[in-house]
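**Q** Input file: target.cif. Contents: mmCIF, C-alpha atoms.
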data_query
#
loop_
_atom_site.label_atom_id
_atom_site.label_comp_id
_atom_site.auth_asym_id
_atom_site.auth_seq_id
_atom_site.Cartn_x
_atom_site.Cartn_y
_atom_site.Cartn_z
CA MET A 1 252.29 85.00 157.81
CA ILE A 2 253.41 86.14 154.34
CA LYS A 3 255.04 83.94 151.71
CA THR A 4 256.04 84.73 148.13
CA ILE A 5 256.38 82.28 145.25
CA GLU A 6 257.72 82.91 141.74
CA PRO A 7 255.80 81.60 138.70
CA THR A 8 256.89 78.25 137.29
CA SER A 9 255.80 78.99 133.72
CA PRO A 10 258.52 80.66 131.58
CA ILE A 11 255.79 82.64 129.80
CA LEU A 12 254.29 83.93 133.04
CA ARG A 13 257.70 84.88 134.45
CA LYS A 14 257.83 87.60 131.77
CA TYR A 15 254.68 89.22 133.13
CA VAL A 16 254.28 88.14 136.78
CA GLU A 17 256.78 89.14 139.48
CA CYS A 18 255.45 86.73 142.11
CA PHE A 19 252.43 85.37 143.95
CA TYR A 20 252.10 86.04 147.64
CA PHE A 21 250.01 84.50 150.39
CA TYR A 22 248.73 86.04 153.59
CA GLU A 23 246.81 84.24 156.34
CA GLY A 24 245.46 86.06 159.36
CA LYS A 25 244.50 84.27 162.54
CA SER A 26 241.47 84.94 164.71
CA ASN A 27 241.85 88.20 166.69
CA SER A 28 245.08 89.01 164.81
CA SER A 29 245.96 92.44 163.43
CA PHE A 30 248.53 93.42 160.83
CA SER A 31 249.07 96.81 159.20
CA TYR A 32 251.64 98.46 156.96
CA LEU A 33 252.30 101.31 154.54
CA ALA A 34 252.65 100.33 150.88
CA PHE A 35 254.63 102.72 148.70
CA PRO A 36 254.11 103.54 145.01
CA HIS A 37 255.20 100.77 142.66
CA PHE A 38 255.41 100.17 138.94
CA ASN A 39 254.07 96.65 139.54
CA THR A 40 250.34 95.97 139.89
CA GLY A 41 248.61 93.81 142.51
CA LEU A 42 245.44 91.76 142.19
CA SER A 43 244.22 89.92 145.29
CA PHE A 44 241.77 87.11 145.96
CA MET A 45 240.47 87.36 149.54
CA LYS A 46 238.37 84.76 151.32
CA GLY A 47 236.31 85.55 154.42
CA ALA A 48 237.04 89.25 154.11
CA SER A 49 235.22 92.58 153.94
CA VAL A 50 237.00 95.52 152.34
CA GLN A 51 236.59 99.22 153.08
CA ARG A 52 238.45 102.04 151.29
CA GLN A 53 238.85 105.65 152.33
CA ASP A 54 241.48 108.38 151.92
CA TRP A 55 244.40 106.16 150.80
CA THR A 56 243.44 103.54 153.39
CA LEU A 57 242.37 99.95 152.78
CA GLN A 58 240.84 98.03 155.67
CA VAL A 59 240.41 94.27 155.29
CA SER A 60 238.39 92.60 158.04
CA GLU A 61 237.15 89.09 158.82
CA ASN A 62 233.51 88.57 157.82
CA ARG A 63 233.04 84.83 158.51
CA THR A 64 231.71 83.95 155.08
CA ASP A 65 233.08 81.69 152.36
CA SER A 66 232.69 84.31 149.65
CA VAL A 67 235.74 85.40 147.66
CA HIS A 68 236.39 89.08 147.07
CA ILE A 69 238.78 90.27 144.31
CA GLU A 70 240.59 93.56 144.83
CA ILE A 71 242.69 95.25 142.15
CA LEU A 72 245.13 98.09 142.74
CA GLY A 73 245.39 101.13 140.53
CA LYS A 74 248.44 103.35 140.26
CA TYR A 75 249.05 105.61 143.23
CA THR A 76 251.76 108.19 143.90
CA THR A 77 251.38 108.49 147.66
CA PRO A 78 251.66 105.84 150.43
CA VAL A 79 248.63 103.62 151.03
CA PHE A 80 247.85 102.34 154.52
CA LEU A 81 246.58 98.75 154.70
CA GLU A 82 245.13 97.12 157.80
CA TYR A 83 244.16 93.45 158.19
CA LYS A 84 242.04 92.25 161.10
CA GLY A 85 240.98 88.74 162.02
CA GLN A 86 240.91 85.36 160.35
CA LEU A 87 241.07 85.68 156.57
CA ARG A 88 243.16 84.49 153.64
CA GLU A 89 244.61 86.28 150.66
CA ILE A 90 246.34 85.14 147.46
CA SER A 91 247.81 87.96 145.39
CA VAL A 92 249.22 88.10 141.89
CA ILE A 93 251.90 90.78 141.49
CA PHE A 94 252.17 91.72 137.82
CA LYS A 95 255.18 93.40 136.24
CA PRO A 96 254.70 96.68 134.33
CA LEU A 97 252.19 96.13 131.51
CA GLY A 98 251.97 92.49 132.65
CA MET A 99 248.38 92.43 133.86
CA ASN A 100 247.21 93.91 130.56
CA ARG A 101 247.96 90.60 128.84
CA PHE A 102 245.21 88.82 130.79
CA PHE A 103 242.27 91.22 130.39
CA LYS A 104 240.29 92.41 127.41
CA ASP A 105 239.65 95.78 129.08
CA ASN A 106 242.41 98.35 129.42
CA TYR A 107 244.04 98.92 132.81
CA LEU A 108 242.70 102.42 133.40
CA SER A 109 239.11 101.27 132.93
CA LEU A 110 239.69 98.36 135.34
CA ALA A 111 241.49 100.34 138.03
CA PRO A 112 240.85 104.10 137.88
CA HIS A 113 241.29 104.46 141.69
CA PHE A 114 244.08 103.45 144.07
CA SER A 115 242.07 100.31 144.93
CA GLN A 116 238.74 98.82 143.86
CA GLU A 117 236.79 95.58 143.59
CA LEU A 118 237.23 93.66 140.36
CA VAL A 119 233.81 92.70 139.07
CA ASN A 120 234.45 90.08 136.41
CA ASP A 121 232.59 86.77 136.09
CA VAL A 122 235.51 84.90 134.55
CA TRP A 123 237.92 85.90 137.32
CA ARG A 124 235.24 85.35 139.97
CA LYS A 125 234.88 81.72 138.86
CA LEU A 126 238.63 81.26 139.29
CA GLY A 127 238.41 82.77 142.78
CA GLU A 128 235.71 80.28 143.77
CA THR A 129 238.10 77.39 143.03
CA LEU A 130 240.92 78.73 145.21
CA PHE A 131 241.73 78.24 148.92
CA SER A 132 240.92 74.53 148.76
CA GLY A 133 244.34 72.94 148.66
CA ASP A 134 248.04 73.18 147.80
CA ASP A 135 247.48 73.51 144.05
CA ASP A 136 246.20 77.11 144.10
CA ILE A 137 249.24 78.40 142.19
CA SER A 138 248.78 75.74 139.51
CA LYS A 139 245.15 76.80 139.14
CA ILE A 140 246.12 80.46 138.80
CA GLU A 141 248.92 79.75 136.33
CA SER A 142 246.68 77.55 134.15
CA PHE A 143 244.00 80.23 134.23
CA LEU A 144 246.40 83.03 133.31
CA LEU A 145 247.81 81.05 130.39
CA SER A 146 244.26 80.43 129.13
CA GLN A 147 243.54 84.18 129.26
CA PHE A 148 246.76 85.35 127.65
CA ASN A 149 246.36 87.83 124.82
CA ASP A 150 248.35 90.56 123.14
CA HIS A 151 247.49 93.91 121.60
CA PRO A 152 249.31 95.99 118.97
CA GLU A 153 249.39 99.00 121.32
CA PHE A 154 251.43 97.08 123.90
CA SER A 155 254.55 97.18 121.71
CA PHE A 156 254.76 101.00 121.71
CA VAL A 157 254.13 101.09 125.49
CA GLU A 158 256.95 98.59 126.04
CA MET A 159 259.27 100.76 123.94
CA ALA A 160 258.22 103.82 125.94
CA LEU A 161 258.86 102.01 129.24
CA GLU A 162 262.41 101.17 128.18
CA LEU A 163 263.08 104.82 127.36
CA LEU A 164 261.47 106.09 130.57
CA GLU A 165 263.49 103.64 132.65
CA ASN A 166 266.80 104.65 131.08
CA SER A 167 268.47 106.76 133.76
CA GLU A 168 271.34 107.75 131.45
CA GLU A 169 269.32 109.22 128.58
CA LYS A 170 266.77 111.24 130.62
CA MET A 171 264.69 111.93 127.51
CA ALA A 172 261.93 114.51 127.45
CA ILE A 173 258.42 113.06 127.19
CA SER A 174 257.96 114.76 123.80
CA THR A 175 261.11 113.04 122.52
CA ILE A 176 259.91 109.64 123.75
CA ALA A 177 256.54 110.25 122.06
CA SER A 178 258.32 110.99 118.79
CA LYS A 179 260.47 107.86 119.06
CA VAL A 180 257.39 105.64 119.44
CA GLY A 181 255.75 107.37 116.48
CA MET A 182 253.14 109.56 118.17
CA ASN A 183 252.56 113.18 118.97
CA ALA A 184 252.83 114.09 122.67
CA LYS A 185 249.08 114.34 123.30
CA THR A 186 248.26 110.96 121.73
CA PHE A 187 251.19 109.32 123.51
CA GLN A 188 250.04 110.63 126.89
CA ARG A 189 246.51 109.36 126.29
CA TYR A 190 247.52 105.83 125.25
CA PHE A 191 250.13 105.52 127.97
CA GLN A 192 247.60 106.53 130.65
CA LYS A 193 245.07 104.05 129.26
CA HIS A 194 247.42 101.08 129.50
CA MET A 195 249.55 102.05 132.52
CA GLY A 196 247.06 103.90 134.73
CA CYS A 197 249.37 106.88 135.18
CA SER A 198 251.12 109.52 133.11
CA PRO A 199 254.64 108.97 131.69
CA VAL A 200 256.00 111.56 134.17
CA GLU A 201 254.38 109.74 137.12
CA TYR A 202 255.70 106.38 135.90
CA ARG A 203 259.26 107.69 135.64
CA ARG A 204 259.00 109.18 139.15
CA ILE A 205 257.82 105.83 140.56
CA PHE A 206 260.46 103.89 138.65
CA ARG A 207 263.29 106.11 139.90
CA PHE A 208 262.01 105.76 143.45
CA ARG A 209 261.86 101.97 143.19
CA SER A 210 265.31 101.84 141.57
CA SER A 211 266.75 103.81 144.49
CA LEU A 212 265.23 101.25 146.88
CA THR A 213 266.80 98.40 144.95
CA ASN A 214 270.18 100.13 144.88
CA LYS A 215 270.08 100.78 148.63
CA LEU A 216 268.42 97.68 150.08
CA SER A 217 269.81 95.02 147.72
CA SER A 218 273.40 96.22 147.85
CA ALA A 219 275.92 94.13 149.76
CA GLU A 220 277.75 97.31 150.74
CA TRP A 221 276.41 100.49 152.32
CA LYS A 222 275.66 103.31 149.89
CA ASN A 223 275.36 106.99 150.75
CA LEU A 224 272.71 109.34 149.38
CA THR A 225 275.05 110.73 146.73
CA ASP A 226 275.59 107.26 145.25
CA ILE A 227 271.86 106.50 145.28
CA THR A 228 271.03 109.90 143.77
CA TYR A 229 273.09 109.45 140.63
CA GLU A 230 272.55 105.72 140.20
CA GLY A 231 268.79 106.37 140.34
CA GLY A 232 268.94 109.02 137.63
CA TYR A 233 268.16 112.04 139.83
CA TYR A 234 269.65 115.43 138.94
CA ASP A 235 271.11 116.15 142.36
CA GLN A 236 270.69 115.24 146.01
CA SER A 237 268.22 118.02 146.84
CA TYR A 238 265.97 116.92 143.96
CA PHE A 239 266.28 113.30 145.13
CA ILE A 240 265.21 114.24 148.68
CA LYS A 241 262.31 116.35 147.37
CA GLU A 242 261.03 113.49 145.19
CA PHE A 243 261.40 111.01 148.05
CA ARG A 244 259.28 113.16 150.33
CA LYS A 245 256.57 113.44 147.66
CA ILE A 246 256.31 109.67 147.33
CA THR A 247 256.93 108.45 150.89
CA ASN A 248 256.21 111.43 153.20
CA HIS A 249 259.71 110.77 154.63
CA ASN A 250 263.17 112.04 153.89
CA PRO A 251 265.41 109.21 152.58
CA LYS A 252 267.34 108.72 155.83
CA ASP A 253 264.20 108.23 157.92
CA PHE A 254 262.57 106.12 155.22
CA PHE A 255 265.36 103.56 155.05
CA LYS A 256 265.34 103.28 158.85
CA SER A 257 261.59 102.62 158.98
CA THR A 258 261.08 100.13 156.12
CA SER A 259 261.42 96.36 156.14
CA LYS A 260 261.94 93.69 153.51
CA VAL A 261 259.29 90.97 153.75
CA ASP A 262 260.05 87.35 152.81
CA GLY A 263 263.39 88.11 151.21
CA ASP A 264 263.42 91.26 149.07
CA LYS A 265 260.22 90.88 147.04
CA ILE A 266 258.21 93.25 149.23
CA ILE A 267 259.28 96.49 150.95
CA TRP A 268 256.81 97.88 153.48
CA GLU A 269 256.76 100.09 156.53
CA ILE A 270 255.31 97.71 159.10
CA LYS A 271 253.10 99.42 161.67
#
Please lay out the structure from this file as structure tokens.

**A**
Amino acid sequence: MIKTIEPTSPILRKYVECFYFYEGKSNSSFSYLAFPHFNTGLSFMKGASVQRQDWTLQVSENRTDSVHIEILGKYTTPVFLEYKGQLREISVIFKPLGMNRFFKDNYLSLAPHFSQELVNDVWRKLGETLFSGDDDISKIESFLLSQFNDHPEFSFVEMALELLENSEEKMAISTIASKVGMNAKTFQRYFQKHMGCSPVEYRRIFRFRSSLTNKLSSAEWKNLTDITYEGGYYDQSYFIKEFRKITNHNPKDFFKSTSKVDGDKIIWEIK
């Protein structure tokens, strides 16, 4: 039902985590909770209608050959997704600041909400060529390489991401702003423009995702104390409080309810 593939291009591997494919059969139904992530998803959907409401995304069969493009914004609460009927989806999962390299517009202007349609003629033309054979990934990779661009502001955001992700330093946002050569207000504004969230929200999401990696990718069982300090949390009570904010679960219940999909690329709560 779901398959993930890593990029073949060395350049794209710097900016794209993976591509994933979903195919729903007639009268089928599939639903799950997606949790906040520092990565960004962009999906091409064929034969699908999309409805959004209150952190819910419903994708339903519409029996047309049209291709819909959906792009995710940053979200700090779980999003419920429901798929019904015969439809196909090809998604590009970009690493942090990765998607920015392939658009002229900044991320916040493209995706101000948790999910929205991407209206872009260039990307629409790519979508119209997909779903016709086994070379879809080659088409997407060639297209992405043709759209690749850089921007001087990306370098300071990359530096800020490294500092925010450092669980040992735990720098104040004002200190990070100073290190990248900006005052706090300007730093917040540029970071939000390119990342779609504030520096504080990004660090919260990154710590959450790091705790998932530490727990679910470990060959040996880890207790909450280990995960707390490896993830850069102050103490266990703070860790539990943050987990509840992001997942609506305490950590123990969360790890019981989630599943890894197609290896460890995707972590969802399957409904």

**Q** For the file shown, what are the residues hit by the PyMOL selection byres ((chain A and resi 104-114) around 7), laid out as a list in words?

**A**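 Written out, the selection comes to Ile71, Leu72, Gly73, Lys74, Tyr75, Asn100, Phe102, Phe103, Ser115, Gln116, Gln192, Lys193, His194, Met195 and Gly196 of chain A.
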
**Q** Those same residues - C-alpha atoms - I'd like them written as a PDB file, in the frame of the given file.

**A**
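Printed below is out-v4.pdb as written:
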ATOM      1  CA  ILE A  71     242.690  95.250 142.150  1.00  0.00           C
ATOM      2  CA  LEU A  72     245.130  98.090 142.740  1.00  0.00           C
ATOM      3  CA  GLY A  73     245.390 101.130 140.530  1.00  0.00           C
ATOM      4  CA  LYS A  74     248.440 103.350 140.260  1.00  0.00           C
ATOM      5  CA  TYR A  75     249.050 105.610 143.230  1.00  0.00           C
ATOM      6  CA  ASN A 100     247.210  93.910 130.560  1.00  0.00           C
ATOM      7  CA  PHE A 102     245.210  88.820 130.790  1.00  0.00           C
ATOM      8  CA  PHE A 103     242.270  91.220 130.390  1.00  0.00           C
ATOM      9  CA  SER A 115     242.070 100.310 144.930  1.00  0.00           C
ATOM     10  CA  GLN A 116     238.740  98.820 143.860  1.00  0.00           C
ATOM     11  CA  GLN A 192     247.600 106.530 130.650  1.00  0.00           C
ATOM     12  CA  LYS A 193     245.070 104.050 129.260  1.00  0.00           C
ATOM     13  CA  HIS A 194     247.420 101.080 129.500  1.00  0.00           C
ATOM     14  CA  MET A 195     249.550 102.050 132.520  1.00  0.00           C
ATOM     15  CA  GLY A 196     247.060 103.900 134.730  1.00  0.00           C
TER      16      GLY A 196
END

**Q** So which residues touch A:Lys14 within 8 Å, counting all atoms listed in the file, skipping near sequence neighbours fewer than 3 positions away, as a PDB file with C-alpha atoms, keeping the file's coordinate frame?

**A**
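Contents of result_29.pdb, as written:
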ATOM      1  CA  PRO A  10     258.520  80.660 131.580  1.00  0.00           C
ATOM      2  CA  ILE A  11     255.790  82.640 129.800  1.00  0.00           C
ATOM      3  CA  GLU A  17     256.780  89.140 139.480  1.00  0.00           C
ATOM      4  CA  LYS A  95     255.180  93.400 136.240  1.00  0.00           C
ATOM      5  CA  GLY A  98     251.970  92.490 132.650  1.00  0.00           C
TER       6      GLY A  98
END

**Q** As a PyMOL selection string, please: the residues near A:Val92 (cut-off 9 Å, all atoms listed in the file, same-chain neighbours under 3 positions excluded).

**A** chain A and resi 16-20+40-44+140

**Q** So how far away is atom CA of A:Leu97 from atom CA of A:Phe187, in Å?

**A** 15.5 Å

**Q** Rank nothing, just name the residue among A:Ala48, A:Met1, A:Ala34, A:Leu12 nearest to A:Leu145, using only C-alpha atoms.

**A**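 Once distances to A:Leu145 are computed over only C-alpha atoms, the minimum belongs to A:Leu12.
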
**Q** Go through A:Thr76, A:Ser26, A:Gln51, A:Thr129 one by one, measure the shortest atom-to-atom distance of each to A:Tyr202 using all atoms listed in the file, and give the residue with the smallest value.

**A**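 Once distances to A:Tyr202 are computed over all atoms listed in the file, the minimum belongs to A:Thr76.
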
**Q** Counting only C-alpha atoms, figure out which residue out of A:Gln188, A:Gln86, A:Ser49, A:Gln58 gets nearest to A:Ala160.

**A**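 Of the candidates, the smallest distance to A:Ala160 is held by A:Gln188.
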
**Q** Smallest atom-to-atom distance to A:Thr56: which of A:Ser132, A:Thr77, A:Ser138, A:Ser178, using only C-alpha atoms?

**A**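 Of all the options, A:Thr77 lies closest to A:Thr56.
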
**Q** So how many Å separate atom CA of A:Trp55 and atom CA of A:Pro78, to one decimal?

**A** 7.3 Å

**Q** Distance atom CA of A:Glu82-atom CA of A:Leu57, one decimal place?

**A**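 Distance reported for this atom pair: 6.4 Å.
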
**Q** May I ask which of the residues A:Gly181, A:Gly47, A:Gly85, A:Pro152 is the closest one to A:Ser28, counting only C-alpha atoms?

**A** A:Gly85
